[in-house]
>>> print(open('query_15.cif').read())   # mmCIF, C-alpha atoms
data_start
loop_
_atom_site.group_PDB
_atom_site.id
_atom_site.type_symbol
_atom_site.label_atom_id
_atom_site.label_comp_id
_atom_site.auth_asym_id
_atom_site.auth_seq_id
_atom_site.Cartn_x
_atom_site.Cartn_y
_atom_site.Cartn_z
ATOM 1 C CA MET A 144 -0.031 34.319 47.887
ATOM 2 C CA SER A 145 3.352 34.139 49.570
ATOM 3 C CA ALA A 146 6.628 34.702 47.785
ATOM 4 C CA HIS A 147 7.666 31.116 48.534
ATOM 5 C CA VAL A 148 4.600 29.705 46.740
ATOM 6 C CA LEU A 149 5.137 32.004 43.752
ATOM 7 C CA GLN A 150 8.757 30.983 43.526
ATOM 8 C CA SER A 151 7.776 27.310 43.755
ATOM 9 C CA ASN A 152 5.168 27.728 41.018
ATOM 10 C CA ASN A 153 7.662 29.555 38.814
ATOM 11 C CA SER A 154 10.232 26.779 39.248
ATOM 12 C CA ILE A 155 7.635 24.139 38.320
ATOM 13 C CA TYR A 156 6.605 26.204 35.292
ATOM 14 C CA ARG A 157 10.228 26.626 34.173
ATOM 15 C CA ARG A 158 10.894 22.904 34.586
ATOM 16 C CA ARG A 159 7.824 21.967 32.567
ATOM 17 C CA LEU A 160 8.701 24.537 29.913
ATOM 18 C CA LEU A 161 12.200 23.085 29.679
ATOM 19 C CA GLN A 162 10.803 19.569 29.330
ATOM 20 C CA HIS A 163 8.376 20.772 26.671
ATOM 21 C CA ARG A 164 11.119 22.453 24.658
ATOM 22 C CA PHE A 165 13.347 19.387 24.984
ATOM 23 C CA GLY A 166 10.523 17.170 23.697
ATOM 24 C CA ILE A 167 9.885 19.507 20.769
ATOM 25 C CA LEU A 168 13.605 19.488 19.978
ATOM 26 C CA LEU A 169 13.671 15.677 19.958
ATOM 27 C CA SER A 170 10.588 15.551 17.731
ATOM 28 C CA ILE A 171 12.016 18.042 15.233
ATOM 29 C CA SER A 172 15.344 16.189 15.209
ATOM 30 C CA ALA A 173 13.658 12.844 14.528
ATOM 31 C CA MET A 174 11.546 14.401 11.763
ATOM 32 C CA SER A 175 14.632 16.012 10.226
ATOM 33 C CA ILE A 176 16.497 12.702 10.190
ATOM 34 C CA GLY A 177 13.563 10.943 8.535
ATOM 35 C CA ILE A 178 13.051 13.641 5.905
ATOM 36 C CA SER A 179 16.801 13.802 5.212
ATOM 37 C CA ALA A 180 16.924 10.036 4.637
ATOM 38 C CA LEU A 181 13.880 10.224 2.341
ATOM 39 C CA LEU A 182 15.325 13.102 0.336
ATOM 40 C CA TRP A 183 18.642 11.257 0.079
ATOM 41 C CA ILE A 184 16.915 8.161 -1.310
ATOM 42 C CA LEU A 185 14.911 10.234 -3.787
ATOM 43 C CA ALA A 186 18.011 12.136 -4.887
ATOM 44 C CA VAL A 187 19.954 8.911 -5.516
ATOM 45 C CA LEU A 188 17.010 7.465 -7.450
ATOM 46 C CA VAL A 189 16.638 10.566 -9.602
ATOM 47 C CA ILE A 190 20.386 10.855 -10.296
ATOM 48 C CA ASN A 191 20.790 7.193 -11.261
ATOM 49 C CA GLY A 192 17.399 6.494 -12.804
ATOM 50 C CA LEU A 193 16.520 9.623 -14.726
ATOM 51 C CA GLY A 194 18.895 8.716 -17.537
ATOM 52 C CA ALA A 195 17.031 5.451 -18.158
ATOM 53 C CA ILE A 196 13.624 7.133 -18.478
ATOM 54 C CA ASP A 197 13.005 7.465 -22.197
ATOM 55 C CA LEU A 198 10.601 6.208 -24.854
ATOM 56 C CA HIS A 199 12.567 2.976 -25.366
ATOM 57 C CA MET A 200 11.962 1.949 -21.762
ATOM 58 C CA PHE A 201 8.204 1.906 -22.405
ATOM 59 C CA THR A 202 8.290 0.393 -25.912
ATOM 60 C CA HIS A 203 11.007 -2.302 -25.761
ATOM 61 C CA THR A 204 11.101 -5.541 -23.821
ATOM 62 C CA THR A 205 13.880 -6.519 -21.433
ATOM 63 C CA PRO A 206 17.179 -7.198 -23.227
ATOM 64 C CA ALA A 207 18.885 -10.572 -23.415
ATOM 65 C CA PRO A 208 22.109 -11.096 -21.398
ATOM 66 C CA GLY A 209 24.999 -9.275 -23.003
ATOM 67 C CA SER A 210 22.859 -7.318 -25.493
ATOM 68 C CA GLU A 211 22.554 -3.558 -25.603
ATOM 69 C CA GLY A 212 19.482 -1.366 -25.318
ATOM 70 C CA GLY A 213 16.159 -2.801 -24.302
ATOM 71 C CA GLY A 214 13.394 -1.537 -22.076
ATOM 72 C CA LEU A 215 10.829 -2.521 -19.473
ATOM 73 C CA LEU A 216 7.680 -2.928 -21.538
ATOM 74 C CA ASN A 217 6.936 -6.497 -20.473
ATOM 75 C CA PRO A 218 7.448 -5.985 -16.720
ATOM 76 C CA ILE A 219 5.437 -2.741 -16.796
ATOM 77 C CA VAL A 220 2.509 -4.465 -18.509
ATOM 78 C CA GLY A 221 2.838 -7.511 -16.231
ATOM 79 C CA SER A 222 2.835 -5.376 -13.092
ATOM 80 C CA LEU A 223 -0.176 -3.371 -14.277
ATOM 81 C CA MET A 224 -2.108 -6.557 -15.024
ATOM 82 C CA MET A 225 -1.317 -8.278 -11.728
ATOM 83 C CA VAL A 226 -1.872 -5.174 -9.602
ATOM 84 C CA GLY A 227 -5.095 -4.432 -11.475
ATOM 85 C CA ILE A 228 -6.479 -7.944 -10.941
ATOM 86 C CA ALA A 229 -5.380 -7.907 -7.292
ATOM 87 C CA THR A 230 -7.211 -4.589 -6.844
ATOM 88 C CA LEU A 231 -10.365 -6.004 -8.423
ATOM 89 C CA ILE A 232 -10.176 -8.963 -6.031
ATOM 90 C CA SER A 233 -9.294 -7.093 -2.858
ATOM 91 C CA THR A 234 -11.598 -4.080 -3.230
ATOM 92 C CA PRO A 235 -15.035 -5.750 -2.925
ATOM 93 C CA ILE A 236 -13.814 -8.283 -0.357
ATOM 94 C CA GLY A 237 -12.145 -5.592 1.743
ATOM 95 C CA ILE A 238 -15.066 -3.155 1.595
ATOM 96 C CA PHE A 239 -17.740 -5.726 2.467
ATOM 97 C CA ALA A 240 -15.592 -7.210 5.221
ATOM 98 C CA GLY A 241 -14.953 -3.738 6.636
ATOM 99 C CA MET A 242 -18.690 -2.978 6.546
ATOM 100 C CA TYR A 243 -19.395 -6.218 8.410
ATOM 101 C CA LEU A 244 -16.843 -5.363 11.086
ATOM 102 C CA ALA A 245 -18.243 -1.850 11.460
ATOM 103 C CA GLU A 246 -21.826 -3.104 11.805
ATOM 104 C CA TYR A 247 -21.341 -6.254 13.866
ATOM 105 C CA GLY A 248 -17.859 -5.847 15.356
ATOM 106 C CA ASP A 249 -19.209 -5.320 18.878
ATOM 107 C CA GLU A 250 -21.965 -7.916 18.641
ATOM 108 C CA SER A 251 -20.359 -10.973 17.085
ATOM 109 C CA ARG A 252 -17.433 -13.034 18.301
ATOM 110 C CA PHE A 253 -16.761 -14.021 14.696
ATOM 111 C CA ALA A 254 -16.374 -10.330 13.785
ATOM 112 C CA GLN A 255 -13.928 -9.814 16.640
ATOM 113 C CA THR A 256 -11.923 -12.837 15.481
ATOM 114 C CA THR A 257 -11.953 -11.475 11.921
ATOM 115 C CA ARG A 258 -10.623 -8.129 13.101
ATOM 116 C CA PHE A 259 -7.858 -9.905 15.038
ATOM 117 C CA VAL A 260 -6.873 -12.014 12.004
ATOM 118 C CA THR A 261 -6.907 -8.894 9.823
ATOM 119 C CA ASP A 262 -4.497 -7.160 12.188
ATOM 120 C CA ILE A 263 -2.194 -10.189 12.019
ATOM 121 C CA MET A 264 -2.291 -10.169 8.208
ATOM 122 C CA LEU A 265 -1.392 -6.480 8.189
ATOM 123 C CA SER A 266 1.891 -7.259 9.942
ATOM 124 C CA ALA A 267 2.579 -10.625 8.301
ATOM 125 C CA PRO A 268 5.794 -10.759 6.209
ATOM 126 C CA SER A 269 4.970 -10.689 2.523
ATOM 127 C CA ILE A 270 7.312 -13.593 1.829
ATOM 128 C CA VAL A 271 5.136 -15.806 4.069
ATOM 129 C CA ILE A 272 2.090 -14.936 1.953
ATOM 130 C CA GLY A 273 4.092 -15.748 -1.176
ATOM 131 C CA LEU A 274 5.045 -19.146 0.235
ATOM 132 C CA PHE A 275 1.409 -19.762 1.160
ATOM 133 C CA ILE A 276 0.213 -19.135 -2.425
ATOM 134 C CA TYR A 277 3.120 -21.219 -3.724
ATOM 135 C CA ALA A 278 2.056 -24.142 -1.539
ATOM 136 C CA ILE A 279 -1.645 -24.064 -2.394
ATOM 137 C CA TYR A 280 -1.470 -22.937 -6.039
ATOM 138 C CA VAL A 281 1.916 -23.117 -7.753
ATOM 139 C CA ALA A 282 2.864 -26.483 -6.266
ATOM 140 C CA ASN A 283 -0.446 -27.986 -7.386
ATOM 141 C CA VAL A 284 -0.521 -26.635 -10.952
ATOM 142 C CA ARG A 285 3.264 -27.249 -11.222
ATOM 143 C CA HIS A 286 4.136 -23.937 -12.885
ATOM 144 C CA PHE A 287 4.455 -20.271 -11.999
ATOM 145 C CA ALA A 288 1.649 -17.995 -13.145
ATOM 146 C CA GLY A 289 0.505 -14.410 -13.177
ATOM 147 C CA TRP A 290 -2.698 -15.501 -11.451
ATOM 148 C CA ALA A 291 -0.668 -16.739 -8.494
ATOM 149 C CA GLY A 292 1.095 -13.391 -8.267
ATOM 150 C CA SER A 293 -2.235 -11.553 -8.304
ATOM 151 C CA TYR A 294 -3.630 -13.780 -5.547
ATOM 152 C CA ALA A 295 -0.534 -13.234 -3.407
ATOM 153 C CA ILE A 296 -0.569 -9.440 -3.558
ATOM 154 C CA ALA A 297 -4.373 -9.428 -3.222
ATOM 155 C CA LEU A 298 -3.951 -11.130 0.158
ATOM 156 C CA ILE A 299 -1.647 -8.268 1.129
ATOM 157 C CA ALA A 300 -4.103 -5.604 -0.049
ATOM 158 C CA ILE A 301 -7.266 -7.061 1.517
ATOM 159 C CA PRO A 302 -6.428 -6.316 5.190
ATOM 160 C CA VAL A 303 -5.444 -2.739 4.267
ATOM 161 C CA VAL A 304 -8.845 -2.131 2.652
ATOM 162 C CA VAL A 305 -10.666 -3.915 5.489
ATOM 163 C CA ARG A 306 -9.115 -1.852 8.262
ATOM 164 C CA THR A 307 -9.435 1.424 6.352
ATOM 165 C CA THR A 308 -13.123 0.791 5.624
ATOM 166 C CA ASP A 309 -13.756 -0.263 9.217
ATOM 167 C CA ASN A 310 -12.049 2.826 10.623
ATOM 168 C CA MET A 311 -13.746 5.197 8.187
ATOM 169 C CA LEU A 312 -17.226 3.823 8.920
ATOM 170 C CA ALA A 313 -16.587 4.225 12.636
ATOM 171 C CA LEU A 314 -16.270 7.991 12.052
ATOM 172 C CA VAL A 315 -19.867 8.322 10.820
ATOM 173 C CA PRO A 316 -21.915 10.112 13.511
ATOM 174 C CA SER A 317 -24.399 7.880 15.311
ATOM 175 C CA SER A 318 -27.062 10.586 14.880
ATOM 176 C CA LEU A 319 -26.960 10.038 11.104
ATOM 177 C CA ARG A 320 -27.626 6.313 11.522
ATOM 178 C CA GLU A 321 -30.340 6.903 14.099
ATOM 179 C CA ALA A 322 -32.091 9.319 11.759
ATOM 180 C CA ALA A 323 -32.043 6.697 8.994
ATOM 181 C CA TYR A 324 -33.389 4.046 11.360
ATOM 182 C CA ALA A 325 -36.132 6.427 12.505
ATOM 183 C CA LEU A 326 -37.260 6.789 8.900
ATOM 184 C CA GLY A 327 -37.649 3.005 8.671
ATOM 185 C CA ALA A 328 -34.521 2.199 6.629
ATOM 186 C CA PRO A 329 -33.302 -1.393 7.079
ATOM 187 C CA ARG A 330 -29.865 -2.030 8.530
ATOM 188 C CA TRP A 331 -28.278 -3.161 5.254
ATOM 189 C CA LYS A 332 -29.469 -0.030 3.481
ATOM 190 C CA VAL A 333 -28.156 2.209 6.269
ATOM 191 C CA ALA A 334 -24.775 0.499 6.002
ATOM 192 C CA THR A 335 -24.513 0.753 2.214
ATOM 193 C CA MET A 336 -26.471 3.879 1.278
ATOM 194 C CA ILE A 337 -25.819 6.057 4.335
ATOM 195 C CA ARG A 338 -22.617 5.108 6.149
ATOM 196 C CA LEU A 339 -20.577 3.954 3.159
ATOM 197 C CA ARG A 340 -21.627 6.889 1.014
ATOM 198 C CA ALA A 341 -20.674 9.311 3.786
ATOM 199 C CA VAL A 342 -17.073 8.053 3.869
ATOM 200 C CA LYS A 343 -16.562 7.113 0.216
ATOM 201 C CA ALA A 344 -13.520 9.396 -0.069
ATOM 202 C CA GLY A 345 -11.842 7.683 2.887
ATOM 203 C CA VAL A 346 -12.612 4.208 1.534
ATOM 204 C CA LEU A 347 -11.221 5.148 -1.867
ATOM 205 C CA THR A 348 -8.133 6.441 -0.093
ATOM 206 C CA GLY A 349 -7.702 3.044 1.549
ATOM 207 C CA ILE A 350 -7.919 1.343 -1.840
ATOM 208 C CA LEU A 351 -5.243 3.643 -3.271
ATOM 209 C CA LEU A 352 -3.005 3.037 -0.261
ATOM 210 C CA ALA A 353 -3.447 -0.716 -0.744
ATOM 211 C CA VAL A 354 -2.441 -0.370 -4.403
ATOM 212 C CA ALA A 355 0.612 1.631 -3.360
ATOM 213 C CA ARG A 356 1.429 -1.051 -0.785
ATOM 214 C CA ILE A 357 1.418 -3.929 -3.290
ATOM 215 C CA SER A 358 2.984 -2.129 -6.250
ATOM 216 C CA GLY A 359 6.534 -2.668 -5.032
ATOM 217 C CA GLU A 360 6.218 -6.125 -3.463
ATOM 218 C CA THR A 361 8.971 -8.454 -4.645
ATOM 219 C CA ALA A 362 9.120 -11.478 -2.340
ATOM 220 C CA PRO A 363 5.595 -12.829 -3.041
ATOM 221 C CA LEU A 364 6.113 -12.568 -6.804
ATOM 222 C CA LEU A 365 9.385 -14.506 -6.663
ATOM 223 C CA PHE A 366 7.420 -17.547 -5.488
ATOM 224 C CA THR A 367 4.340 -17.064 -7.666
ATOM 225 C CA ALA A 368 4.697 -15.135 -10.935
ATOM 226 C CA LEU A 369 8.513 -15.433 -11.090
ATOM 227 C CA ASN A 370 9.542 -13.616 -14.287
ATOM 228 C CA ASN A 371 9.422 -13.772 -18.065
ATOM 229 C CA GLN A 372 12.021 -12.276 -20.386
ATOM 230 C CA PHE A 373 9.504 -12.061 -23.209
ATOM 231 C CA PHE A 374 6.315 -10.049 -23.598
ATOM 232 C CA SER A 375 3.314 -12.076 -22.429
ATOM 233 C CA VAL A 376 -0.225 -11.348 -21.316
ATOM 234 C CA ASP A 377 -0.970 -14.985 -20.453
ATOM 235 C CA MET A 378 -1.899 -14.938 -16.774
ATOM 236 C CA ASN A 379 -1.552 -18.728 -16.630
ATOM 237 C CA ALA A 380 2.183 -18.580 -17.350
ATOM 238 C CA PRO A 381 5.218 -16.942 -15.712
ATOM 239 C CA MET A 382 4.877 -13.183 -16.078
ATOM 240 C CA ALA A 383 7.382 -10.356 -15.949
ATOM 241 C CA ASN A 384 6.906 -7.697 -13.282
ATOM 242 C CA LEU A 385 8.831 -4.607 -12.272
ATOM 243 C CA PRO A 386 9.841 -5.557 -8.689
ATOM 244 C CA VAL A 387 11.422 -8.887 -9.690
ATOM 245 C CA VAL A 388 13.097 -7.397 -12.785
ATOM 246 C CA ILE A 389 14.579 -4.622 -10.650
ATOM 247 C CA PHE A 390 15.803 -7.217 -8.149
ATOM 248 C CA GLN A 391 17.466 -9.326 -10.865
ATOM 249 C CA PHE A 392 18.842 -6.490 -12.979
ATOM 250 C CA ALA A 393 20.320 -4.616 -9.998
ATOM 251 C CA MET A 394 22.611 -7.576 -9.242
ATOM 252 C CA SER A 395 23.608 -8.237 -12.857
ATOM 253 C CA PRO A 396 27.074 -7.536 -14.309
ATOM 254 C CA TYR A 397 25.622 -5.659 -17.303
ATOM 255 C CA ASP A 398 25.612 -1.866 -17.266
ATOM 256 C CA ASN A 399 22.404 -1.485 -19.300
ATOM 257 C CA TRP A 400 20.588 -3.915 -16.978
ATOM 258 C CA ARG A 401 21.611 -1.928 -13.904
ATOM 259 C CA GLU A 402 20.557 1.300 -15.624
ATOM 260 C CA LEU A 403 17.153 -0.211 -16.380
ATOM 261 C CA ALA A 404 16.899 -1.338 -12.758
ATOM 262 C CA TRP A 405 17.416 2.257 -11.592
ATOM 263 C CA GLY A 406 14.838 3.458 -14.110
ATOM 264 C CA GLY A 407 12.307 0.869 -12.941
ATOM 265 C CA ALA A 408 12.915 1.769 -9.291
ATOM 266 C CA LEU A 409 12.377 5.443 -10.083
ATOM 267 C CA LEU A 410 9.164 4.612 -11.960
ATOM 268 C CA ILE A 411 7.735 2.585 -9.063
ATOM 269 C CA THR A 412 8.768 5.175 -6.483
ATOM 270 C CA PHE A 413 7.106 8.090 -8.207
ATOM 271 C CA SER A 414 4.033 6.004 -9.054
ATOM 272 C CA VAL A 415 3.598 5.150 -5.374
ATOM 273 C CA LEU A 416 4.275 8.784 -4.454
ATOM 274 C CA ALA A 417 1.593 9.910 -6.899
ATOM 275 C CA LEU A 418 -0.905 7.433 -5.424
ATOM 276 C CA ASN A 419 -0.208 8.717 -1.918
ATOM 277 C CA ILE A 420 -0.651 12.333 -3.038
ATOM 278 C CA VAL A 421 -3.971 11.463 -4.689
ATOM 279 C CA ALA A 422 -5.059 9.670 -1.507
ATOM 280 C CA ARG A 423 -4.230 12.755 0.574
ATOM 281 C CA LEU A 424 -6.174 15.006 -1.794
ATOM 282 C CA LEU A 425 -9.174 12.679 -1.628
ATOM 283 C CA VAL A 426 -9.113 12.750 2.175
ATOM 284 C CA ARG A 427 -8.928 16.537 2.144
ATOM 285 C CA SER A 428 -11.767 16.854 -0.355
ATOM 286 C CA GLY A 429 -13.851 14.437 1.716
ATOM 287 C CA LYS A 430 -13.357 16.563 4.825
ATOM 288 C CA ASN A 431 -14.276 19.723 2.938
ATOM 289 C CA ASN A 432 -17.460 18.150 1.615
#
>>> encode(input="query_15.cif", output="C-alpha cells")
Amino acid sequence: MSAHVLQSNNSIYRRRLLQHRFGILLSISAMSIGISALLWILAVLVINGLGAIDLHMFTHTTPAPGSEGGGLLNPIVGSLMMVGIATLISTPIGIFAGMYLAEYGDESRFAQTTRFVTDIMLSAPSIVIGLFIYAIYVANVRHFAGWAGSYAIALIAIPVVVRTTDNMLALVPSSLREAAYALGAPRWKVATMIRLRAVKAGVLTGILLAVARISGETAPLLFTALNNQFFSVDMNAPMANLPVVIFQFAMSPYDNWRELAWGGALLITFSVLALNIVARLLVRSGKNN
C-alpha cells in the first residue's frame, strides 16, 4: 500500500475519531445538564419540604385559612383512593388491550386503529382528558366527585399499560409460541399462559410506571374531583387530593400552607421515585430469570 493511501486512511480515521469524541462530549454535556437540573430540583424540595414531614402531616387534616398547624391526612387518603381505583380500572383494560394488539395487531385493521388511538392518548394533554370527564360526567351529575377524578386519571394510565404490555409481549420469542402451538394449545391459552407469563415482570413494571404517571396529575383533578377541606371517603362527593392541595397551598399567603405544600411535593416526588426504582428492579429481576 502506498504512502499516499496510508496517509489518506489515517486522515479519515483521525476525522472520524474527532467526530466521535465530539459526539461523546455533547452527549456527556447534555446528560450532565439534565442530572444537574434534577439534583437541583431534589435539593430544593428536600431543603424546603423536609421540615414539614412529621407525624402531624399524616394525622391532621388541612388547616382552615389563617389557622396554625394542620396536616395532609385528607389529601393523602383521597389521592390513595383515587389512584388505587384508577389502577384497578386501568390494569385489566390495559393488559387485555395490549394482549389483543400483540396477537392481532398485524392482522386486524381495528387493532391497528386501536394502536394509533393509544399513541394519541399517550401524548394527549391531561387537561383535555379532565375536560372530557367533566363534560360527560361532572356536568351531568352536577357536582364534582372522586369517581370522576379516578376515571380521568384512569384514562391517562390505560394507554401506558396498553403500550407496555404490547411491547413486552412482542419480545417473547416466536419459537416459544410455536412450541405451544405444536403441543395443541389454543391461541387464547398461548397468549395468557405462555406469552403473558413470560413477561409478567415487564407488564408489572408498566403498571407501576402508569401509577407513577398519574400520581402527580393536577389538571384533570381540578375539573373532576376538585378538593375538599374536610376528611371524606365519599367517592360521590368532592375529594381532597395531594396535587390540587399542593397547587392551592403553594399560592396561598399563609406560611404553614406553603410549608405543607412543600411537604406534599416532597412526598409525591419520593413516592414516584420509589415506584420507578421498584419498576427498574422488577425489569432487572425479569431479565435474570
>>> closest_residue(input="query_15.cif", among="A:Pro363, A:Gly177, A:Pro316, A:Gly192", to="A:Leu298", atoms="only C-alpha atoms")
A:Pro363
>>> residues_around(input="query_15.cif", residues="A:Asn217", least_positions_apart="3", cutoff="8 Å", atoms="only C-alpha atoms", output="PyMOL selection string")
chain A and resi 203-205+220-221+372-375+383-384
>>> closest_residue(input="query_15.cif", among="A:Ile178, A:Ala291, A:Ile263, A:Leu161", to="A:Phe275", atoms="only C-alpha atoms")
A:Ala291
>>> closest_residue(input="query_15.cif", among="A:Val226, A:Ala282, A:Leu364, A:Ile357", to="A:Ile270", atoms="only C-alpha atoms")
A:Leu364
>>> atom_distance(input="query_15.cif", atom1="atom CA of A:Leu339", atom2="atom CA of A:Ala325")
18.3 Å
>>> residues_around(input="query_15.cif", residues="A:Lys332", least_positions_apart="5", cutoff="12 Å", atoms="only C-alpha atoms", output="PyMOL selection string")
chain A and resi 242+246+320+323-324+326-327+337-340
